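Engineer: One structure coming up, written as structure tokens, with questions to follow.
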Amino acid sequence: MSAVYLWLCERAGIDKIWETLFARKVPHAKGPAAWLYTLGSATLMIFTIQFITGALLAMSYAPSPDHAYDSVRFIDDHVLLGRLVHGLHHWGATFMVVLTALHMMRTYFMGAYKYPRELTWMVGVGLFLLVLGFSFTGYLLPWDQKAYWATVVGGNIAGQTPVFGPYISKIRLGGEDMGAATLTRFYAIHVLVLPALIAGAIGVHLFLVIWNGISETPKRAGKQVAP
Amino acid sequence: MNWHEEYRKKYKELKEKGVPFFPDVVLLDTIAACLVFALLVYLAAFHPPHLEGLADPTDTNYTPRPEWYFLFLFQALKFFPGSMEAVAAIILPGALLGVLFLVPFLDRGPERHPFDRPLWTGLGIFGLCVYAGLTWAASKSPLANPAEEKRPDVIAGKRLYAQLSCAYCHQIKNEGGRVGPALDRLSDATTDEWLSKHLRDPQAGTPGSRMPKMNLLDDEVSALTAYIRSYNPNDPFTPAAPKLFAENCSACHRIRGEGGDLAPDLSEIGAMRDKAHIQKYIQDPAQFNPDSTMPAYKGQLKDHEIEDLSRYLARQRRR
């Protein structure tokens with residue numbers, strides 16, 4: 001065992017990786033406040049669930065207006081544990097939005113976005129937007145009444161943008177009106193474009209969290225420096 | 001920015017006095033993740049996602065509702081009607097997002113405790129209150145599309161009805177041709193057996209019928225039958241049902257001239273709503289219309305009485 005461990009240390013530096021990621025010290029958060037620091041990792045856990053359940057759903061989903069609805073019914077009624085996997089993905093989407101928002105509120109009210117963590121915060125706001133993008137594009141995929149009409153309204157809202165509105169809605173819908181091109185476009189964005197973007201952004205976000213260290217719980221300090 | 005150096009120094013001290021990420025922090029993270037995961041599995045298992053009917057681009061009566069966390073935006077739109085819509089839809093949210101993105105450069109002092117930053121803490125709380133208020137106001141507005149689980153065979157029948165162009169000759173809800181009879185007001189004598197037989201071979205049961213034989217599969221016949229039946233409920237109600245109506249409903253509702261006029265006339269309710277919807281509405285009107293002054297009858301009437309009453313009301317329509 002230890003021979004394998006040493007072999008890996010020498011070639012992949014797993015001891016250094018362990019030291020950097022897990023053996024590092026962080027400021028001691030006392031009492032209930034410590035629980036507020038678990039929101040980020042809980043979000044990451046749900047993201048992993050979304051990734052796995054999303055991959056499973058994609059195996060039986062057909063992104064065309066003729067078959068999308070039936071394929072979702074097929075998943076619910078005939079695929080082994082399909083209804084549960086669909087349910088996990090459906091509720092996971094809500095959890096992503098809620099947990100990301102709570103995590104942001106923690107950061108905001110603790111002033112944790114201040115020096116030297118400004119960049120972590122800005123990447124975080126970007127991550128929040130990506131999560132909303134996932135939610136919006138994913139909502140259309142079941143191709144039921146709710147999905148269709150909410151997306152029509154969402155499209156009209158985006159079309160209201162001054163100057164660029166008409167171009168935005170044309171690119172988004174894949175034409176003048178909603179139809180087959182919209183569904184395939186949303187599907188491609190949902191399963192290819194956004195995951196690539198969010199994976200990169202999560203990487204940067206986590207790197208910055210470790211690079212700058214986890215912020216301390218703020219104390220009342222008047223005009224003195226916070227810690 | 002002289003406090004930066006000082007902050008780094010103090011943070012370094014705090015970190016040295018701190019705890020190792022593993023296992024101290026990882027333990028808490030794992031507990032929290034397990035709790036969140038348990039809640040997720042509970043919701044997924046016991047509140048599975050609800051699939052509505054197939055998207056119907058021609059259904060202009062459908063009132064869209066977004067996920068609850070986007071409801072505030074729908075509500076905000078109501079305050080900026082007409083050409084001002086862009087303000088609520090794009091400009092305000094965009095500006096807010098810009099501020100959020102640039103907060104580290106707007107609030108750049110050394111203070112971190114929320115009470116030491118009254119302006120930013122206040123703005124944050126104000127923003128959350130506005131969000132909660134808008135979401136609450138939006139959730140109060142009536143649900144124009146009550147969440148109803150449509151039966152899969154009815155949905156399948158509706159699609160077949162469109163694919164086979166039945167509306168070329170038949171009418172449903174006053175839409176369609178007049179060659180054949182309207183299918184949403186069939187006589188009570190029409191049984192499912194008769195419908196299936198007629199769909200399989202129109203001329204066999206009705207000699208001289210101009211309806212073509214379509215060589216349908218068995219499940220297509222039953223889907224079409226279920227779809228036509230959804231417009232022609234034939235669940236029997238007991239003679240007690242009209243009495244129940246007279247005792248509990250007719251003070252406000254009217255059927256064919258009999259009853260009060262405080263609430264909508266129900267003479268045609270069967271053409272608008274199916275039995276399942278009427279039943280849910282009688283049990284608790286507030287779930288469809290929070291502003292309704294109608295009392296909830298769940299508990300007031302026995303379940304079988306509500307069932308009976310709903311069957312009776314679902315049959316109220318012009319033929």
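Naming works like this for the structure tokens: A, B, ... for the chains as they're shown, residue 1 at the start of each chain, ligands 1 onward in shown order.
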Output the contact residues of chain A with respect to chain B at a cut-off of 7 Å, based on only C-alpha atoms, as a PyMOL selection string.
Structural biologist: chain A and resi 22-28+35+38+41-42+45+69+83-84+87-88+90-92+109-111+113-114+118+122+125+143-146+148-150+157+160-161+218-220+222-223+225-227
